[in-house]
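Q: Dumping the structure here so I can ask a few things about it.
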Amino acid sequence: MLRPLAAAAAGTLIVLAACDAPGSDGSSGAGSGAGSDGAGDGQGQPGGQDEPAALVATPATPEGTSLLGGEDAAARALAMSQALFTAAPVVVLTSADEQLRAASAASVLGVPVLVDGEGVAEELERLGTEVALALGPVQDPGVDLVTAADDTTLAGLLGITADPEQVDRDDTTARLAALDPGTPQLLVPGPPEESPTTGDDASSISGAPGPDLPPADRDELPATAPPEPQPGTVVLTTGEEDDVAALGTALAAGARVVHSPDGDPRATSESVQALAESAPTAVLGLGQDLGDADTLAWRVRTAATGVELPGGGQLALPDRTYVALYGTPGTGALGVLGEQPVEETVTRAEELAAAYEALTDEPVVPTLEIIVTIASAGAGADGNYSEELPVEGIRPLVDLAAEHGLYVVLDLQPGRTDFLTQAQQYQELLELPHVGLALDPEWRLEPHEVHLTQIGQVHAEEVNEVITWLADLTRERDLPQKVLVLHQFQPRMIPDIADVDLSRSELAVLIHADGQGAQPDKQQTWRALHAHAPDVEHWGWKNFYDEDVPGPLSPEETMSLVDPVPDFVSYQ
């Protein structure tokens with residue numbers, strides 16, 4: 001058993017707060033009425049005894065990016081305590097059912113939370129713990145226990161005057177993350193949805209002292225004060241129930257808690273901006289859904305730039321719909337994008353996208369798909385039967401699109417050269433966060449071929465070369481995820497589509513069905529392409545103004561008749 005708390009023996013374990021530390025005068029801060037067994041020098045207080053100095057846990061200083069695994073709440077809480085504290089004379093010890101109360105209590109006290117289970121005794125020894133606030137039925141930890149029979153008693157132990165706040169399970173992580181250290185608040189679970197709220201539900205602690213809980217050794221907690229916050233330390237959580245106690249420890253250490261519900265910190269505007277504001281120097285990831293440490297590190301680094309895509313966040317797909325004008329500036333012969341001056345092109349794209357806004361709950365992103373290398377009837381000076389537009393000629397439209405919140409896709413028709421060679425010519429533009437890439441195999445020629453005598457094709461090996469290069473560029477430049485469009489209207493255009501690399505989360509790979517003509521034929525093409533590429537998640541549909549019979553689908557028809565609903569709709 002660890003030794004009882006004694007002020008005379010605590011010098012190596014306790015940081016004594018300065019006279020102006022929160023709670024050190026007994027008028028505020030957690031446990032301010034407790035600690036009467038702490039020795040004073042008998043000077044300066046009525047009756048000849050000073051108030052005891054507040055106890056302050058000693059935080060650790062983590063570095064880099066780490067994943068804290070663990071299959072249950074006890075393992076995750078233990079890992080977080082080990083990562084963020086080197087000493088703690090007081091801890092909160094809880095059952096798994098009382099994690100929310102425990103987490104909010106720990107944030108007030110500035111101490112770690114441990115969930116009753118394997119490794120607790122050893123962790124208490126490492127921390128030099130002398131007193132534990134016990135919530136719920138726990139095993140005797142071998143240190144002095146303070147217990148609370150109900151929420152009123154618990155709030156009194158913590159020095160909280162506000163009523164307990166009920167929190168729905170789905171809101172637990174967000175509410176914890178929003179706790180204000182300057183405004184102590186006891187959080188308690190809301191009633192189950194199927195049960196009516198009663199007065200008893202809001203005030204009881206399921207582990208109130210009883211046969212499953214060792215008897216209390218003390219009536220009050222010693223006075224504590226939170227440690228200095230750890231600037232730059234961020235804890236990422238997907239919001240699992242087993243994370244709650246560990247999040248209490250993170251808050252107690254002054255770390256920033258960021259909710260990443262999909263396991264990717266790039267996914268939402270909220271997580272991106274939280275990381276940008278935090279400028280993290282250390283990141284601790286909780287749970288099994290955040291990827292490996294290297295993946296989490298580059299995703300956090302990207303999110304911390306604060307740069308967002310049109311539609312919010314840094315993931316191009318899913319959860320948004322792109323509506324695009326297709327063509328090349330300066331000519332209407334290749335599509336509607338070039339039928340009007342640059343400024344009017346942007347306005348037309350915005351108006352077209354607006355027609356879809358009432359048809360989906362997702363953000364609708366106006367988009368320009370610009371043909372930057374154009375299939376040519378002549379070989380040209382380089383002999384590749386493809387005319388490459390100069391970057392400086394395209395840049396004004398790309399920049400104007402950014403100013404108006406449009407996404408841009410650069411379309412390649414490479415002729416006899418390969419897609420990677422042409423993509424690299426536009427690296428300057430692809431380094432912009434709002435610019436993606438499209439490969440058009442129809443215009444990929446073999447060395448002996450010319451355009452319009454056959455339909456071109458490309459194999460997965462060449463597509464994967466582009467994927468690797470573009471994904472690496474995106475990661476190295478800390479860019480948001482990019483759309484990579486693969487145009488098709490026949491399965492043979494990418495015959496081995498199953499071998500295309502879909503593993504790089506720097507990119508969202510999308511197959512765009514380019515069939516034209518009668519609507520039944522277009523639907524048949526759509527189904528055939530899906531059958532050919534069942535593993536591809538994202539899909540695009542093209543409406544042709546002139547070639548579709550009897551005409552292009554309306555926005556309402558596009559969103560209701562095309563199944564599954566396309567992520568990307570373009571107009572030519």
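Ordering of the structure tokens sets the chain letters (A, B, ...), residue numbers begin anew at 1 in every chain, and ligands are numbered from 1 in the order given.
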Quick one: residues within 7 Å of stretch 86-90 of chain A, only C-alpha atoms counted, chain neighbours fewer than 4 positions away excluded, as number ranges by chain?
A: A: 13-14, 57-60, 111, 127-132
Q: Output the selection as a PDB file, in the first residue's frame - C-alpha atoms for each residue.
A:
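Produced file again-v9.pdb, reproduced below:
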ATOM      1  CA  LEU A  13       6.030  14.328  -5.306  1.00  0.00           C
ATOM      2  CA  ILE A  14       4.181  17.618  -5.046  1.00  0.00           C
ATOM      3  CA  ALA A  57       0.279  17.433 -10.460  1.00  0.00           C
ATOM      4  CA  THR A  58       3.386  17.430 -12.624  1.00  0.00           C
ATOM      5  CA  PRO A  59       2.647  17.248 -16.356  1.00  0.00           C
ATOM      6  CA  ALA A  60       4.883  15.546 -18.877  1.00  0.00           C
ATOM      7  CA  VAL A 111      -5.366  15.544 -12.161  1.00  0.00           C
ATOM      8  CA  LEU A 127       2.572   8.913 -10.016  1.00  0.00           C
ATOM      9  CA  GLY A 128       3.190   8.983  -6.276  1.00  0.00           C
ATOM     10  CA  THR A 129      -0.548   9.160  -5.676  1.00  0.00           C
ATOM     11  CA  GLU A 130      -1.797   9.494  -2.107  1.00  0.00           C
ATOM     12  CA  VAL A 131      -5.502  10.288  -2.504  1.00  0.00           C
ATOM     13  CA  ALA A 132      -8.084   9.147  -5.054  1.00  0.00           C
TER      14      ALA A 132
END
Q: Please, which residues of stretch 339-537 of chain A, numbered as in this document, come out alpha helix (DSSP H) from DSSP, as a short mmCIF file (atom, residue, chain, number, x, y, z; two decimals) with N, CA, C and O atoms, in the first residue's frame?
A:
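Contents of the output file selection-v5.cif:
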data_model
loop_
_atom_site.label_atom_id
_atom_site.label_comp_id
_atom_site.auth_asym_id
_atom_site.auth_seq_id
_atom_site.Cartn_x
_atom_site.Cartn_y
_atom_site.Cartn_z
N VAL A 342 -13.72 34.88 -69.48
CA VAL A 342 -13.33 34.23 -68.24
C VAL A 342 -14.27 34.60 -67.08
O VAL A 342 -14.75 33.72 -66.34
N GLU A 343 -14.53 35.88 -66.89
CA GLU A 343 -15.37 36.30 -65.77
C GLU A 343 -16.77 35.71 -65.88
O GLU A 343 -17.37 35.29 -64.87
N GLU A 344 -17.30 35.68 -67.09
CA GLU A 344 -18.64 35.13 -67.27
C GLU A 344 -18.64 33.61 -67.12
O GLU A 344 -19.67 33.02 -66.74
N THR A 345 -17.51 32.98 -67.39
CA THR A 345 -17.41 31.53 -67.16
C THR A 345 -17.59 31.21 -65.69
O THR A 345 -18.32 30.27 -65.32
N VAL A 346 -16.94 31.97 -64.83
CA VAL A 346 -17.09 31.76 -63.39
C VAL A 346 -18.54 31.97 -62.96
O VAL A 346 -19.10 31.17 -62.21
N THR A 347 -19.16 33.01 -63.44
CA THR A 347 -20.56 33.29 -63.09
C THR A 347 -21.46 32.16 -63.57
O THR A 347 -22.37 31.72 -62.84
N ARG A 348 -21.21 31.67 -64.78
CA ARG A 348 -22.04 30.58 -65.32
C ARG A 348 -21.89 29.32 -64.47
O ARG A 348 -22.88 28.62 -64.20
N ALA A 349 -20.68 29.03 -64.04
CA ALA A 349 -20.46 27.86 -63.19
C ALA A 349 -21.20 28.01 -61.86
O ALA A 349 -21.81 27.05 -61.36
N GLU A 350 -21.17 29.19 -61.30
CA GLU A 350 -21.87 29.43 -60.04
C GLU A 350 -23.37 29.26 -60.20
O GLU A 350 -24.04 28.65 -59.35
N GLU A 351 -23.92 29.78 -61.28
CA GLU A 351 -25.36 29.68 -61.50
C GLU A 351 -25.78 28.23 -61.75
O GLU A 351 -26.84 27.79 -61.29
N LEU A 352 -24.96 27.49 -62.49
CA LEU A 352 -25.29 26.09 -62.75
C LEU A 352 -25.27 25.28 -61.46
O LEU A 352 -26.17 24.47 -61.20
N ALA A 353 -24.27 25.50 -60.62
CA ALA A 353 -24.18 24.78 -59.34
C ALA A 353 -25.36 25.14 -58.44
O ALA A 353 -25.88 24.28 -57.71
N ALA A 354 -25.77 26.39 -58.48
CA ALA A 354 -26.87 26.83 -57.61
C ALA A 354 -28.16 26.06 -57.89
O ALA A 354 -28.98 25.86 -56.98
N VAL A 391 1.16 27.25 -68.83
CA VAL A 391 0.64 27.51 -67.48
C VAL A 391 0.23 28.95 -67.32
O VAL A 391 -0.82 29.26 -66.74
N GLU A 392 1.04 29.88 -67.83
CA GLU A 392 0.73 31.29 -67.63
C GLU A 392 -0.56 31.70 -68.33
O GLU A 392 -1.21 32.68 -67.93
N GLY A 393 -0.97 30.96 -69.36
CA GLY A 393 -2.23 31.28 -70.02
C GLY A 393 -3.44 30.80 -69.25
O GLY A 393 -4.54 31.36 -69.38
N ILE A 394 -3.27 29.78 -68.43
CA ILE A 394 -4.38 29.21 -67.66
C ILE A 394 -4.50 29.84 -66.28
O ILE A 394 -5.58 29.92 -65.71
N ARG A 395 -3.38 30.33 -65.77
CA ARG A 395 -3.31 30.77 -64.38
C ARG A 395 -4.36 31.84 -64.02
O ARG A 395 -4.96 31.77 -62.93
N PRO A 396 -4.64 32.81 -64.88
CA PRO A 396 -5.65 33.80 -64.49
C PRO A 396 -7.02 33.20 -64.19
O PRO A 396 -7.68 33.60 -63.23
N LEU A 397 -7.45 32.22 -64.99
CA LEU A 397 -8.74 31.58 -64.74
C LEU A 397 -8.69 30.75 -63.46
O LEU A 397 -9.64 30.75 -62.67
N VAL A 398 -7.58 30.06 -63.23
CA VAL A 398 -7.43 29.26 -62.01
C VAL A 398 -7.47 30.15 -60.78
O VAL A 398 -8.11 29.82 -59.77
N ASP A 399 -6.79 31.29 -60.84
CA ASP A 399 -6.78 32.20 -59.71
C ASP A 399 -8.15 32.84 -59.48
O ASP A 399 -8.58 33.01 -58.32
N LEU A 400 -8.83 33.18 -60.56
CA LEU A 400 -10.17 33.74 -60.42
C LEU A 400 -11.13 32.73 -59.80
O LEU A 400 -11.97 33.08 -58.97
N ALA A 401 -10.98 31.48 -60.19
CA ALA A 401 -11.80 30.43 -59.59
C ALA A 401 -11.57 30.36 -58.08
O ALA A 401 -12.53 30.22 -57.31
N ALA A 402 -10.33 30.46 -57.65
CA ALA A 402 -10.04 30.43 -56.22
C ALA A 402 -10.70 31.59 -55.49
O ALA A 402 -11.26 31.44 -54.40
N GLU A 403 -10.66 32.76 -56.10
CA GLU A 403 -11.26 33.94 -55.47
C GLU A 403 -12.76 33.77 -55.27
O GLU A 403 -13.33 34.31 -54.31
N PHE A 419 0.63 10.09 -69.33
CA PHE A 419 -0.08 11.02 -68.46
C PHE A 419 0.84 11.68 -67.44
O PHE A 419 0.70 12.86 -67.13
N LEU A 420 1.78 10.93 -66.88
CA LEU A 420 2.65 11.50 -65.86
C LEU A 420 3.50 12.64 -66.42
O LEU A 420 3.64 13.69 -65.78
N THR A 421 4.03 12.43 -67.60
CA THR A 421 4.87 13.48 -68.21
C THR A 421 4.08 14.78 -68.35
O THR A 421 4.59 15.87 -68.04
N GLN A 422 2.84 14.67 -68.82
CA GLN A 422 2.03 15.89 -68.96
C GLN A 422 1.61 16.46 -67.61
O GLN A 422 1.64 17.68 -67.41
N ALA A 423 1.26 15.62 -66.66
CA ALA A 423 0.85 16.13 -65.35
C ALA A 423 1.96 16.95 -64.70
O ALA A 423 1.71 18.01 -64.10
N GLN A 424 3.18 16.47 -64.84
CA GLN A 424 4.30 17.17 -64.21
C GLN A 424 4.54 18.56 -64.81
O GLN A 424 5.09 19.43 -64.14
N GLN A 425 4.10 18.77 -66.05
CA GLN A 425 4.22 20.10 -66.65
C GLN A 425 3.34 21.13 -65.95
O GLN A 425 3.58 22.33 -66.08
N GLN A 427 2.70 21.10 -62.57
CA GLN A 427 2.92 20.98 -61.13
C GLN A 427 2.65 22.30 -60.42
O GLN A 427 2.08 22.32 -59.31
N GLU A 428 3.03 23.40 -61.03
CA GLU A 428 2.81 24.71 -60.41
C GLU A 428 1.34 24.92 -60.06
O GLU A 428 1.00 25.45 -58.99
N LEU A 429 0.46 24.51 -60.95
CA LEU A 429 -0.98 24.66 -60.70
C LEU A 429 -1.48 23.59 -59.74
O LEU A 429 -2.36 23.87 -58.90
N LEU A 430 -0.93 22.40 -59.83
CA LEU A 430 -1.38 21.31 -58.95
C LEU A 430 -0.91 21.51 -57.51
O LEU A 430 -1.39 20.83 -56.60
N ALA A 460 -3.56 0.31 -65.81
CA ALA A 460 -3.46 0.72 -64.41
C ALA A 460 -2.04 1.13 -64.04
O ALA A 460 -1.85 2.03 -63.21
N GLU A 461 -1.04 0.49 -64.62
CA GLU A 461 0.34 0.83 -64.27
C GLU A 461 0.63 2.31 -64.52
O GLU A 461 1.25 2.99 -63.69
N GLU A 462 0.18 2.83 -65.67
CA GLU A 462 0.41 4.24 -65.97
C GLU A 462 -0.44 5.15 -65.08
O GLU A 462 0.04 6.20 -64.63
N VAL A 463 -1.66 4.75 -64.82
CA VAL A 463 -2.51 5.53 -63.91
C VAL A 463 -1.86 5.58 -62.53
O VAL A 463 -1.82 6.64 -61.87
N ASN A 464 -1.32 4.46 -62.08
CA ASN A 464 -0.72 4.41 -60.75
C ASN A 464 0.54 5.27 -60.65
O ASN A 464 0.87 5.76 -59.56
N GLU A 465 1.24 5.43 -61.75
CA GLU A 465 2.39 6.34 -61.73
C GLU A 465 1.94 7.76 -61.41
O GLU A 465 2.59 8.49 -60.64
N VAL A 466 0.82 8.15 -62.00
CA VAL A 466 0.26 9.48 -61.71
C VAL A 466 -0.22 9.55 -60.27
O VAL A 466 0.01 10.54 -59.55
N ILE A 467 -0.90 8.51 -59.82
CA ILE A 467 -1.41 8.50 -58.45
C ILE A 467 -0.27 8.65 -57.45
O ILE A 467 -0.34 9.46 -56.52
N THR A 468 0.79 7.89 -57.64
CA THR A 468 1.92 7.96 -56.71
C THR A 468 2.54 9.35 -56.70
O THR A 468 2.79 9.93 -55.64
N TRP A 469 2.77 9.90 -57.90
CA TRP A 469 3.39 11.23 -57.98
C TRP A 469 2.50 12.30 -57.37
O TRP A 469 2.96 13.13 -56.57
N LEU A 470 1.21 12.30 -57.72
CA LEU A 470 0.32 13.34 -57.25
C LEU A 470 0.06 13.21 -55.75
O LEU A 470 -0.02 14.21 -55.04
N ALA A 471 -0.08 11.99 -55.27
CA ALA A 471 -0.28 11.79 -53.83
C ALA A 471 0.95 12.23 -53.05
O ALA A 471 0.84 12.87 -52.00
N ASP A 472 2.13 11.89 -53.54
CA ASP A 472 3.35 12.32 -52.86
C ASP A 472 3.47 13.83 -52.85
O ASP A 472 3.85 14.44 -51.84
N LEU A 473 3.15 14.47 -53.98
CA LEU A 473 3.20 15.92 -54.05
C LEU A 473 2.22 16.54 -53.05
O LEU A 473 2.55 17.51 -52.34
N THR A 474 1.03 15.98 -52.98
CA THR A 474 0.00 16.49 -52.07
C THR A 474 0.46 16.38 -50.62
O THR A 474 0.30 17.32 -49.82
N ARG A 475 1.04 15.25 -50.27
CA ARG A 475 1.52 15.06 -48.89
C ARG A 475 2.70 15.98 -48.58
O ARG A 475 2.74 16.63 -47.53
N GLU A 476 3.66 16.03 -49.50
CA GLU A 476 4.87 16.83 -49.25
C GLU A 476 4.56 18.31 -49.13
O GLU A 476 5.24 19.03 -48.39
N GLN A 519 -30.82 8.55 -73.46
CA GLN A 519 -30.69 8.31 -72.02
C GLN A 519 -30.64 6.82 -71.66
O GLN A 519 -29.85 6.43 -70.79
N PRO A 520 -31.42 5.93 -72.30
CA PRO A 520 -31.28 4.51 -71.95
C PRO A 520 -29.88 3.98 -72.22
O PRO A 520 -29.36 3.17 -71.45
N ASP A 521 -29.25 4.44 -73.28
CA ASP A 521 -27.88 4.00 -73.58
C ASP A 521 -26.90 4.54 -72.54
O ASP A 521 -25.96 3.84 -72.13
N LYS A 522 -27.10 5.77 -72.14
CA LYS A 522 -26.22 6.35 -71.12
C LYS A 522 -26.37 5.58 -69.80
O LYS A 522 -25.37 5.32 -69.11
N GLN A 523 -27.58 5.22 -69.46
CA GLN A 523 -27.78 4.46 -68.21
C GLN A 523 -27.13 3.08 -68.31
O GLN A 523 -26.57 2.58 -67.33
N GLN A 524 -27.19 2.48 -69.48
CA GLN A 524 -26.55 1.18 -69.66
C GLN A 524 -25.03 1.30 -69.50
O GLN A 524 -24.38 0.45 -68.89
N THR A 525 -24.46 2.37 -70.07
CA THR A 525 -23.03 2.61 -69.90
C THR A 525 -22.68 2.80 -68.43
O THR A 525 -21.68 2.28 -67.92
N TRP A 526 -23.50 3.55 -67.74
CA TRP A 526 -23.30 3.81 -66.30
C TRP A 526 -23.25 2.50 -65.52
O TRP A 526 -22.35 2.28 -64.70
N ARG A 527 -24.19 1.61 -65.81
CA ARG A 527 -24.25 0.33 -65.10
C ARG A 527 -23.04 -0.54 -65.46
O ARG A 527 -22.48 -1.22 -64.60
N ALA A 528 -22.66 -0.53 -66.73
CA ALA A 528 -21.53 -1.36 -67.16
C ALA A 528 -20.23 -0.91 -66.51
O ALA A 528 -19.40 -1.73 -66.09
N LEU A 529 -20.03 0.39 -66.41
CA LEU A 529 -18.81 0.89 -65.78
C LEU A 529 -18.79 0.56 -64.29
O LEU A 529 -17.73 0.22 -63.74
N HIS A 530 -19.93 0.65 -63.64
CA HIS A 530 -19.98 0.26 -62.23
C HIS A 530 -19.66 -1.21 -62.04
O HIS A 530 -18.94 -1.58 -61.10
N ALA A 531 -20.19 -2.04 -62.91
CA ALA A 531 -19.91 -3.47 -62.79
C ALA A 531 -18.43 -3.76 -63.02
O ALA A 531 -17.87 -4.70 -62.44
N HIS A 532 -17.80 -2.96 -63.85
CA HIS A 532 -16.38 -3.15 -64.18
C HIS A 532 -15.47 -2.67 -63.04
O HIS A 532 -14.34 -3.15 -62.92
#
Q: May I ask for the distance between atom CA of A:Gly248 and atom CA of A:Thr302, given in Å to one decimal place?
A: 26.5 Å
Q: Give me, as a short mmCIF file (atom, residue, chain, number, x, y, z; two decimals) with C-alpha atoms, in the first residue's frame, all polymer residues having an atom no more than 12 Å from A:Val409, counting only C-alpha atoms and skipping those fewer than 2 positions away in the same chain.
A:
data_model
loop_
_atom_site.label_atom_id
_atom_site.label_comp_id
_atom_site.auth_asym_id
_atom_site.auth_seq_id
_atom_site.Cartn_x
_atom_site.Cartn_y
_atom_site.Cartn_z
CA ALA A 316 -12.53 16.48 -51.49
CA TYR A 322 -19.29 19.02 -57.78
CA VAL A 323 -21.05 20.66 -60.72
CA ALA A 324 -18.63 21.50 -63.52
CA LEU A 325 -18.33 23.32 -66.81
CA TYR A 326 -16.09 21.35 -69.19
CA GLY A 327 -13.92 22.77 -71.96
CA THR A 328 -10.98 25.05 -72.58
CA PRO A 366 -19.08 25.02 -58.66
CA THR A 367 -16.22 23.60 -60.68
CA LEU A 368 -14.24 24.21 -63.84
CA GLU A 369 -12.77 21.23 -65.69
CA ILE A 370 -10.20 22.81 -67.99
CA ILE A 371 -8.72 20.85 -70.88
CA VAL A 372 -5.06 21.90 -70.61
CA ILE A 394 -4.38 29.21 -67.66
CA LEU A 397 -8.74 31.58 -64.74
CA VAL A 398 -7.43 29.26 -62.01
CA ALA A 401 -11.80 30.43 -59.59
CA LEU A 406 -14.61 27.27 -57.28
CA TYR A 407 -12.76 23.99 -57.62
CA ASP A 411 -7.88 17.62 -67.91
CA LEU A 412 -5.15 15.80 -69.87
CA ALA A 423 0.85 16.13 -65.35
CA TYR A 426 1.38 21.55 -64.56
CA LEU A 429 -0.98 24.66 -60.70
CA LEU A 430 -1.38 21.31 -58.95
CA LEU A 432 -2.60 25.01 -55.43
CA PRO A 433 -5.07 23.59 -52.89
CA HIS A 434 -8.17 23.94 -55.07
CA VAL A 435 -6.78 22.20 -58.18
CA GLY A 436 -7.26 18.53 -59.06
CA LEU A 437 -6.46 16.41 -62.11
CA ALA A 438 -8.32 14.40 -64.78
CA LEU A 439 -6.96 11.68 -67.09
CA LYS A 482 -7.22 16.25 -54.46
CA VAL A 483 -9.80 14.87 -56.86
CA LEU A 484 -8.35 12.56 -59.51
CA VAL A 485 -10.88 12.01 -62.31
CA LEU A 486 -10.61 8.99 -64.64
CA LEU A 510 -13.39 9.20 -59.26
CA PHE A 568 -19.48 14.97 -59.85
CA SER A 570 -20.16 17.97 -65.64
#
Q: Show which residues sit within 6 Å of A:Leu284, as a VMD selection string. Count only C-alpha atoms, and ignore same-chain residues fewer than 2 positions away.
A: chain A and resid 65 to 67 235
Q: Find, counting only C-alpha atoms, the residue in A:Ala74, A:Leu309, A:His459, A:Gly156 that gets nearest to A:Arg492.
A: A:His459
Q: Would you list the contacts of stretch 185-192 of chain A as a ChimeraX atom specification, taking every protein, DNA or RNA residue within 9 Å and counting only C-alpha atoms, but skipping same-chain residues closer than 3 positions in sequence?
A: /A:98,100-105,107-108,151,154-155,158,160-169,172,175-176,179-181,195-198,201-203
Q: Which polymer residues have any atom within 8 Å of an atom of A:Pro261, counting only C-alpha atoms, with same-chain residues fewer than 5 positions away left out, as a PyMOL selection string?
A: chain A and resi 237-239
Q: If you measure from atom CA of A:Trp443 to atom CA of A:Gln481, what distance in Å do you get, rounded to one decimal?
A: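 For atom CA of A:Trp443 relative to atom CA of A:Gln481, the distance reads 26.1 Å.
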Q: Considering only C-alpha atoms, state which residue in the set A:Asp171, A:Glu228, A:Glu220, A:Asp289 is at the smallest distance from A:Leu68.
A: A:Asp289
Q: So, with only C-alpha atoms as the atoms that count, which of A:Pro227, A:Pro265, A:Glu118, A:Val536 lies closest to A:Asp501?
A: A:Val536
Q: To one decimal place, how far is atom CA of A:Arg256 from atom CA of A:Glu71 in Å?
A: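 Spanning atom CA of A:Arg256 to atom CA of A:Glu71 is a straight-line distance of 22.9 Å.
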Q: Quick one: pick out all strand (DSSP E) residues within stretch 36-225 of chain A from a backbone DSSP run and write them as a PyMOL selection string.
A: chain A and resi 55-56+58-59+64-68+85-87+90-94+113-115+131-135+144-147+165-167+187-189
Q: Go through A:Asn384, A:Gln273, A:Gln82, A:Thr147 one by one, measure the shortest atom-to-atom distance of each to A:Ala303 using only C-alpha atoms, and give the residue with the smallest value.
A: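 Using only C-alpha atoms, the shortest distance to A:Ala303 belongs to A:Gln273.
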Q: Show me, as a PDB file with N, CA and C atoms, in the first residue's frame, the residues that have an atom within 9 Å of A:Gly311 when counting only C-alpha atoms, minus same-chain residues fewer than 3 positions from it.
A:
ATOM      1  N   GLU A 308      -8.719  25.362 -46.387  1.00  0.00           N
ATOM      2  CA  GLU A 308      -9.880  24.514 -46.634  1.00  0.00           C
ATOM      3  C   GLU A 308     -10.266  24.521 -48.104  1.00  0.00           C
ATOM      4  N   GLN A 314     -10.911  19.540 -45.580  1.00  0.00           N
ATOM      5  CA  GLN A 314      -9.815  19.256 -46.507  1.00  0.00           C
ATOM      6  C   GLN A 314      -9.978  17.940 -47.253  1.00  0.00           C
ATOM      7  N   ALA A 316     -11.782  16.133 -50.281  1.00  0.00           N
ATOM      8  CA  ALA A 316     -12.531  16.477 -51.490  1.00  0.00           C
ATOM      9  C   ALA A 316     -13.812  15.668 -51.616  1.00  0.00           C
ATOM     10  N   ARG A 320     -19.828  15.991 -50.655  1.00  0.00           N
ATOM     11  CA  ARG A 320     -20.094  17.207 -51.420  1.00  0.00           C
ATOM     12  C   ARG A 320     -20.368  16.808 -52.867  1.00  0.00           C
ATOM     13  N   GLU A 362     -25.792  18.032 -49.265  1.00  0.00           N
ATOM     14  CA  GLU A 362     -24.350  18.265 -49.271  1.00  0.00           C
ATOM     15  C   GLU A 362     -24.031  19.648 -49.841  1.00  0.00           C
ATOM     16  N   PRO A 363     -22.865  20.192 -49.485  1.00  0.00           N
ATOM     17  CA  PRO A 363     -22.421  21.405 -50.177  1.00  0.00           C
ATOM     18  C   PRO A 363     -22.274  21.134 -51.675  1.00  0.00           C
ATOM     19  N   VAL A 364     -22.684  22.080 -52.497  1.00  0.00           N
ATOM     20  CA  VAL A 364     -22.529  21.987 -53.945  1.00  0.00           C
ATOM     21  C   VAL A 364     -21.382  22.913 -54.351  1.00  0.00           C
ATOM     22  N   VAL A 365     -20.388  22.364 -55.034  1.00  0.00           N
ATOM     23  CA  VAL A 365     -19.178  23.107 -55.354  1.00  0.00           C
ATOM     24  C   VAL A 365     -19.149  23.421 -56.843  1.00  0.00           C
ATOM     25  N   GLY A 405     -14.291  30.765 -54.868  1.00  0.00           N
ATOM     26  CA  GLY A 405     -14.615  29.522 -54.184  1.00  0.00           C
ATOM     27  C   GLY A 405     -14.951  28.372 -55.110  1.00  0.00           C
TER      28      GLY A 405
END
